[in-house]
Structure formats: structure tokens, C-alpha cells
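For reference, protein.cif is printed below; it contains mmCIF, C-alpha atoms and all ligand atoms.
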data_query
loop_
_atom_site.label_atom_id
_atom_site.label_comp_id
_atom_site.auth_asym_id
_atom_site.auth_seq_id
_atom_site.Cartn_x
_atom_site.Cartn_y
_atom_site.Cartn_z
CA MET A 943 -2.57 -17.15 2.35
CA LYS A 944 0.03 -14.84 0.83
CA LEU A 945 -1.38 -11.88 -1.04
CA ILE A 946 0.08 -8.90 -2.83
CA PHE A 947 -1.98 -5.73 -3.26
CA LEU A 948 -1.21 -3.93 -6.53
CA GLY A 949 -2.61 -0.70 -7.90
CA PRO A 950 -1.78 2.98 -8.25
CA PRO A 951 -1.27 5.20 -5.21
CA GLY A 952 -4.74 6.04 -3.93
CA ALA A 953 -6.29 2.82 -5.25
CA GLY A 954 -7.39 1.97 -1.71
CA LYS A 955 -4.84 -0.79 -1.08
CA GLY A 956 -4.15 0.31 2.50
CA THR A 957 -7.81 0.78 3.38
CA ILE A 958 -8.90 -2.59 1.97
CA ALA A 959 -5.85 -4.32 3.45
CA ASP A 960 -6.80 -2.99 6.92
CA LEU A 961 -10.31 -4.43 6.55
CA ALA A 962 -9.20 -7.69 4.92
CA VAL A 963 -6.55 -8.64 7.49
CA GLU A 964 -9.07 -8.28 10.29
CA LYS A 965 -11.16 -11.01 8.69
CA LEU A 966 -8.29 -13.16 7.43
CA GLY A 967 -6.21 -12.94 10.63
CA LEU A 968 -3.06 -12.12 8.69
CA PRO A 969 -0.48 -9.35 9.22
CA HIS A 970 -0.85 -6.28 7.01
CA ILE A 971 2.64 -5.48 5.82
CA SER A 972 2.86 -2.07 4.21
CA THR A 973 6.32 -0.96 3.08
CA GLY A 974 5.06 2.64 3.06
CA ASP A 975 4.06 2.30 6.75
CA LEU A 976 7.41 0.69 7.60
CA PHE A 977 9.29 3.51 5.88
CA ARG A 978 7.10 6.17 7.53
CA ALA A 979 7.79 4.62 10.95
CA ALA A 980 11.53 4.71 10.21
CA VAL A 981 11.28 8.39 9.24
CA LYS A 982 9.23 9.22 12.35
CA ASN A 983 11.73 7.44 14.60
CA GLY A 984 14.72 9.06 12.88
CA THR A 985 16.46 5.71 12.27
CA PRO A 986 19.40 5.51 9.78
CA LEU A 987 16.97 4.01 7.24
CA GLY A 988 14.50 6.83 7.92
CA LEU A 989 17.14 9.47 7.27
CA LYS A 990 18.03 7.82 3.95
CA VAL A 991 14.45 7.61 2.66
CA LYS A 992 12.82 10.78 4.03
CA ASP A 993 13.49 13.08 1.07
CA ILE A 994 12.85 10.39 -1.55
CA MET A 995 9.44 9.70 -0.04
CA ALA A 996 8.46 13.34 0.34
CA ALA A 997 9.22 13.91 -3.35
CA GLY A 998 7.11 10.89 -4.38
CA GLY A 999 10.01 8.78 -5.69
CA LEU A 1000 10.79 5.13 -5.00
CA VAL A 1001 13.23 3.99 -2.34
CA PRO A 1002 16.09 2.00 -3.97
CA ASP A 1003 15.30 -1.68 -4.48
CA GLU A 1004 18.10 -3.02 -2.29
CA LEU A 1005 16.91 -1.06 0.78
CA THR A 1006 13.29 -2.02 0.18
CA ILE A 1007 14.01 -5.70 -0.42
CA ALA A 1008 16.18 -5.90 2.73
CA LEU A 1009 13.37 -4.33 4.77
CA VAL A 1010 10.76 -6.77 3.46
CA LYS A 1011 13.04 -9.76 3.92
CA GLU A 1012 13.52 -8.84 7.56
CA ARG A 1013 9.79 -8.27 8.12
CA LEU A 1014 8.77 -11.54 6.45
CA ALA A 1015 11.18 -13.42 8.72
CA GLU A 1016 9.17 -12.35 11.78
CA LYS A 1017 7.07 -14.99 13.47
CA ASP A 1018 3.63 -13.58 12.63
CA ALA A 1019 4.42 -13.71 8.90
CA ALA A 1020 4.78 -17.50 8.91
CA LYS A 1021 1.01 -18.01 8.53
CA GLY A 1022 0.74 -15.68 5.52
CA TRP A 1023 0.43 -11.96 4.87
CA VAL A 1024 -1.06 -9.15 2.87
CA LEU A 1025 1.76 -7.17 1.26
CA ASP A 1026 0.60 -3.64 0.52
CA GLY A 1027 2.85 -1.48 -1.65
CA PHE A 1028 5.44 -4.16 -2.33
CA PRO A 1029 6.62 -5.18 -4.87
CA ARG A 1030 6.66 -1.94 -6.86
CA THR A 1031 9.31 -2.89 -9.44
CA ILE A 1032 10.13 -6.04 -11.41
CA PRO A 1033 13.43 -6.59 -9.47
CA GLN A 1034 11.43 -6.42 -6.21
CA ALA A 1035 8.95 -9.00 -7.54
CA GLU A 1036 11.83 -11.27 -8.58
CA ALA A 1037 13.44 -10.90 -5.16
CA LEU A 1038 10.15 -11.72 -3.44
CA GLU A 1039 9.89 -14.98 -5.40
CA GLY A 1040 13.23 -15.92 -3.83
CA ILE A 1041 11.96 -15.16 -0.31
CA ALA A 1042 8.36 -16.38 -0.38
CA SER A 1043 6.13 -16.80 -3.39
CA ALA A 1044 2.73 -15.08 -3.20
CA ASP A 1045 -0.45 -17.03 -3.97
CA SER A 1046 -2.12 -14.12 -5.76
CA ALA A 1047 -1.56 -10.51 -6.74
CA VAL A 1048 -4.75 -8.49 -6.35
CA ASN A 1049 -4.86 -5.52 -8.68
CA PHE A 1050 -7.17 -2.69 -7.61
CA ASP A 1051 -8.30 -1.02 -10.81
CA VAL A 1052 -9.02 2.71 -10.38
CA ALA A 1053 -8.91 5.52 -12.98
CA ASP A 1054 -6.41 8.39 -12.57
CA GLY A 1055 -9.07 11.07 -11.99
CA ILE A 1056 -10.44 9.18 -8.98
CA VAL A 1057 -6.99 8.47 -7.59
CA VAL A 1058 -6.04 12.17 -7.48
CA GLY A 1059 -9.24 13.03 -5.55
CA ARG A 1060 -8.58 10.22 -3.09
CA LEU A 1061 -4.97 11.18 -2.45
CA SER A 1062 -5.59 14.89 -2.02
CA GLY A 1063 -8.42 14.21 0.49
CA ARG A 1064 -6.56 11.53 2.42
CA ARG A 1065 -5.80 12.08 6.09
CA VAL A 1066 -3.79 9.69 8.26
CA CYS A 1067 -3.62 9.26 12.03
CA ARG A 1068 -0.18 10.27 13.25
CA SER A 1069 -0.18 7.65 16.00
CA CYS A 1070 -1.97 4.54 14.66
CA GLY A 1071 -1.82 5.11 10.88
CA LYS A 1072 -5.57 4.69 10.30
CA ILE A 1073 -6.60 6.15 6.96
CA TYR A 1074 -9.49 8.61 6.47
CA HIS A 1075 -10.80 10.75 3.63
CA VAL A 1076 -12.29 14.19 4.18
CA LYS A 1077 -15.33 13.37 2.00
CA ASN A 1078 -15.52 9.58 1.52
CA MET A 1079 -14.50 8.42 4.99
CA PRO A 1080 -14.45 11.34 7.40
CA PRO A 1081 -13.61 10.87 11.09
CA ARG A 1082 -16.38 11.58 13.61
CA LYS A 1083 -14.53 14.72 14.72
CA GLU A 1084 -12.58 16.71 12.14
CA GLY A 1085 -8.82 16.23 12.41
CA VAL A 1086 -9.07 13.57 15.15
CA CYS A 1087 -8.70 9.78 14.83
CA ASP A 1088 -11.82 7.79 15.85
CA VAL A 1089 -9.66 4.94 17.18
CA ASP A 1090 -7.16 6.62 19.47
CA GLY A 1091 -7.79 10.37 19.32
CA GLY A 1092 -4.50 10.90 17.41
CA GLU A 1093 -3.96 13.94 15.20
CA LEU A 1094 -4.85 13.46 11.51
CA TYR A 1095 -2.27 14.79 9.08
CA ILE A 1096 -1.67 15.10 5.33
CA ARG A 1097 1.23 12.97 4.11
CA ASP A 1098 3.97 15.04 2.42
CA ASP A 1099 3.61 12.85 -0.65
CA ASP A 1100 -0.14 13.51 -0.86
CA LYS A 1101 0.61 17.10 -1.87
CA GLU A 1102 0.01 18.01 -5.51
CA ALA A 1103 3.58 17.96 -6.92
CA ALA A 1104 4.39 14.62 -5.28
CA ILE A 1105 1.10 13.05 -6.45
CA LYS A 1106 2.10 13.76 -10.05
CA VAL A 1107 5.51 12.15 -9.60
CA ARG A 1108 3.99 9.12 -7.84
CA LEU A 1109 1.51 8.50 -10.65
CA GLU A 1110 4.26 8.74 -13.27
CA THR A 1111 6.49 6.43 -11.25
CA TYR A 1112 3.61 3.99 -10.88
CA ARG A 1113 2.99 3.93 -14.62
CA LYS A 1114 6.64 3.43 -15.51
CA GLN A 1115 7.87 1.12 -12.80
CA THR A 1116 4.94 -0.60 -11.09
CA ALA A 1117 2.21 -1.07 -13.72
CA PRO A 1118 4.38 -3.60 -15.65
CA LEU A 1119 3.91 -5.93 -12.65
CA ILE A 1120 0.28 -6.43 -13.69
CA ASP A 1121 1.43 -8.31 -16.80
CA TRP A 1122 4.21 -10.01 -14.86
CA TYR A 1123 1.77 -11.59 -12.40
CA ASP A 1124 -0.76 -12.29 -15.14
CA LYS A 1125 1.81 -14.35 -17.00
CA LYS A 1126 2.39 -16.34 -13.83
CA GLY A 1127 -1.37 -17.00 -13.61
CA LYS A 1128 -1.55 -15.16 -10.27
CA LEU A 1129 -3.38 -11.97 -11.18
CA LEU A 1130 -6.80 -11.09 -9.79
CA THR A 1131 -8.11 -7.73 -10.97
CA ILE A 1132 -10.98 -6.11 -9.12
CA ASP A 1133 -12.82 -2.85 -9.60
CA GLY A 1134 -11.47 -0.53 -6.90
CA VAL A 1135 -14.11 2.18 -7.33
CA GLY A 1136 -16.77 2.51 -4.65
CA ALA A 1137 -17.15 2.49 -0.89
CA PRO A 1138 -14.58 0.42 1.05
CA ALA A 1139 -17.23 -2.17 2.07
CA GLU A 1140 -18.21 -2.63 -1.57
CA VAL A 1141 -14.61 -3.08 -2.73
CA LEU A 1142 -13.95 -5.44 0.19
CA GLY A 1143 -16.91 -7.56 -0.95
CA ARG A 1144 -15.46 -7.81 -4.47
CA PHE A 1145 -12.08 -8.73 -3.02
CA GLU A 1146 -13.59 -11.50 -0.87
CA LYS A 1147 -15.45 -12.92 -3.85
CA ALA A 1148 -12.31 -12.87 -5.98
CA ILE A 1149 -10.12 -14.68 -3.46
CA LYS A 1150 -12.78 -17.35 -2.79
CA LYS A 1151 -12.62 -18.33 -6.44
P1 LIG B 1 2.77 4.02 0.13
O1 LIG B 1 2.35 4.26 1.55
O2 LIG B 1 2.66 2.58 -0.26
O3 LIG B 1 2.11 4.94 -0.85
O4 LIG B 1 4.33 4.35 0.07
C1 LIG B 1 4.82 5.65 0.39
C2 LIG B 1 6.22 5.84 -0.17
O5 LIG B 1 7.11 4.89 0.41
C3 LIG B 1 6.34 5.60 -1.67
O6 LIG B 1 5.95 6.73 -2.43
C4 LIG B 1 7.84 5.32 -1.78
O7 LIG B 1 8.60 6.50 -1.63
C5 LIG B 1 8.07 4.47 -0.53
N1 LIG B 1 7.82 3.04 -0.83
C6 LIG B 1 6.85 2.25 -0.31
N2 LIG B 1 6.91 1.02 -0.81
C7 LIG B 1 7.95 1.00 -1.67
C8 LIG B 1 8.51 0.03 -2.53
N3 LIG B 1 8.00 -1.21 -2.59
N4 LIG B 1 9.59 0.37 -3.27
C9 LIG B 1 10.12 1.61 -3.22
N5 LIG B 1 9.62 2.59 -2.45
C10 LIG B 1 8.54 2.31 -1.68
#
Please express the file's structure as C-alpha cells.
Ligand code: AMP
Amino acid sequence: MKLIFLGPPGAGKGTIADLAVEKLGLPHISTGDLFRAAVKNGTPLGLKVKDIMAAGGLVPDELTIALVKERLAEKDAAKGWVLDGFPRTIPQAEALEGIASADSAVNFDVADGIVVGRLSGRRVCRSCGKIYHVKNMPPRKEGVCDVDGGELYIRDDDKEAAIKVRLETYRKQTAPLIDWYDKKGKLLTIDGVGAPAEVLGRFEKAIKK
């Protein structure tokens, strides 16, 4: 199964993708995670994208498409995947069609007010990338990852100024993909509001159909 997760930043794509891939046995491919790893490791790609990401902008299409193409060519991606955070523009969606066509695009529908609260409370493990929320999904011990004891940090782009830019960018460049996939008959929209287990249940129902 090849799935795309669509929705605004803070819609819960990463959280639900983490839970879904465990059950589906597919790789969770997050372009945001791949870019963050590149930044952390100080690779040439990381140096190019660091400032763009911190400001909440989009990495240029050609860099993003090349990264995804390389990742989808890896062995584990042959059985399918959950693509989280890609495509984010129409040219990216067109390029993906040329690499591997997705079966469905799952759109997580969440209102702006909720998204801002989710992003500003989000904490991420510096070593394994697990996502928490100070109120909705707190770790057992404040500031420490339940899985590997890693330090929890606030992403640069989860700070207020960057959140604003990301939401605007989403509306302008990414939201048109909802129509794009709908016209292809591939769109599944689910209500993204609620606890992760609840949203996961809705997702499972939607993909069974
Ligand atoms: P995310 O973790 O999906 O919120 O992505 C974090 C940041 O990585 C985004 O705000 C962009 O700067 C960059 N990024 C991730 N995916 C893409 C993409 N498909 N196209 C362009 N930039 C991206």
C-alpha cells in the first residue's frame, strides 16, 4: 500500500503515521525527518535547508524531489510506504506520479485554532524523533523521551513566527493538493481532531473501504 498523508502542519500526520506503520508494516517516510537528520548531521543538504526550515518556508522542489526519489529507491520502500509531508506542492505531486503513484492521499482535517495549540505544545525526542505534546501526549518524565531517554526539544519551526509562515505556506502551496487528489479519485478525508487512538481508528476504517 502506498499512502500520502496530507494536512496542515500540526494535523497529526507524523503521530498517526508512526502508529499506522507499526500495524501496516510499512516504512514511514517523512521528508521533514529526513531534512532534520541532514541538518543535525551537517551534510551539504542540511546546510542548504537549515535556514529555510527554521523560518517555516518550503525547501525548493528540486532538492525535495531528489531526496524522495532516492529514499523510495531503497529496498524497504518496495512493499509500499506512508509518505508524511510529501508532496507539499503540485510540482512535487506531479513528480511523485512519475516515480511511484500513490494508492490514496489521506487528508487530516483540523481547524487552524487547534493546529496552533498542537504545534506550540509539541516536543520531539532529539535522538529518536518520537513526538509528544505537553498537554495531549506528555512523556512520563518531563523533558525526557519514554522510548530512549533522549532529550525532548522544541523544533525551531514550532516557534510562533515560523508557525504563522508555515500555515500561510500550507494554504497557498499545499492545500491545492486536496483538490488535485480528489480529481484523481484518490482522496480520503478524515477528521483529525481527537486523541491519536481515535484518529487512528478513523484512518483504519477509511483505508479498509
Ligand atoms: P514537517 O516535519 O513535515 O513539518 O517539515 C518540516 C520542514 O521541512 C518544513 O516546514 C519544510 O521547511 C521542510 N519540508 C518538509 N517536507 C517538505 C516538502 N515536501 N517540500 C518542501 N519542504 C519540506
Nearest to Ile1149 (chain A), chosen from A:Ala1047, A:Leu1009, A:Glu1102, A:Asp1026, with all atoms listed in the file counted in the distances: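 The shortest atom-to-atom distance to Ile1149 (chain A) comes from A:Ala1047.
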Within 12 Å of Arg1113 (chain A), counting all atoms listed in the file, which residues show up once you throw out same-chain ones fewer than 4 positions away? Write them as a PyMOL selection string, please. chain A and resi 949-951+1030-1031+1054+1106-1109+1117-1120
Taking all atoms listed in the file into account, list the residues no farther than 6 Å from ligand LIG 1 (chain B), as a PDB file with C-alpha atoms, in the coordinates of the input.
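Here's the written file part19.pdb:
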ATOM      1  CA  PRO A 951      -1.270   5.200  -5.210  1.00  0.00           C
ATOM      2  CA  THR A 973       6.320  -0.960   3.080  1.00  0.00           C
ATOM      3  CA  GLY A 974       5.060   2.640   3.060  1.00  0.00           C
ATOM      4  CA  ASP A 975       4.060   2.300   6.750  1.00  0.00           C
ATOM      5  CA  ILE A 994      12.850  10.390  -1.550  1.00  0.00           C
ATOM      6  CA  MET A 995       9.440   9.700  -0.040  1.00  0.00           C
ATOM      7  CA  GLY A 998       7.110  10.890  -4.380  1.00  0.00           C
ATOM      8  CA  GLY A 999      10.010   8.780  -5.690  1.00  0.00           C
ATOM      9  CA  LEU A1000      10.790   5.130  -5.000  1.00  0.00           C
ATOM     10  CA  VAL A1001      13.230   3.990  -2.340  1.00  0.00           C
ATOM     11  CA  THR A1006      13.290  -2.020   0.180  1.00  0.00           C
ATOM     12  CA  GLY A1027       2.850  -1.480  -1.650  1.00  0.00           C
ATOM     13  CA  PHE A1028       5.440  -4.160  -2.330  1.00  0.00           C
ATOM     14  CA  PRO A1029       6.620  -5.180  -4.870  1.00  0.00           C
ATOM     15  CA  ARG A1030       6.660  -1.940  -6.860  1.00  0.00           C
TER      16      ARG A1030
END
Proximity check region 1057-1134 of chain A to region 1034-1040 of chain A, 10 Å, nearest pairs one decimal Å, only C-alpha atoms, as JSON lines:
{"residue": "A:Thr1116", "atom": "CA", "partner": "A:Ala1035", "partner_atom": "CA", "distance": 10.0}
{"residue": "A:Leu1119", "atom": "CA", "partner": "A:Ala1035", "partner_atom": "CA", "distance": 7.8}
{"residue": "A:Trp1122", "atom": "CA", "partner": "A:Ala1035", "partner_atom": "CA", "distance": 8.8}
{"residue": "A:Tyr1123", "atom": "CA", "partner": "A:Ala1035", "partner_atom": "CA", "distance": 9.0}
Atomic distance CA of Leu961 (chain A) - CA of Tyr1095 (chain A), expressed in Å with one decimal: 21.0 Å
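Minimum atom-to-atom distances from A:Phe977, A:Asp1121, A:Arg1064, A:Leu1129 to Met1079 (chain A) were compared using only C-alpha atoms, and the lowest value belongs to A:Arg1064.
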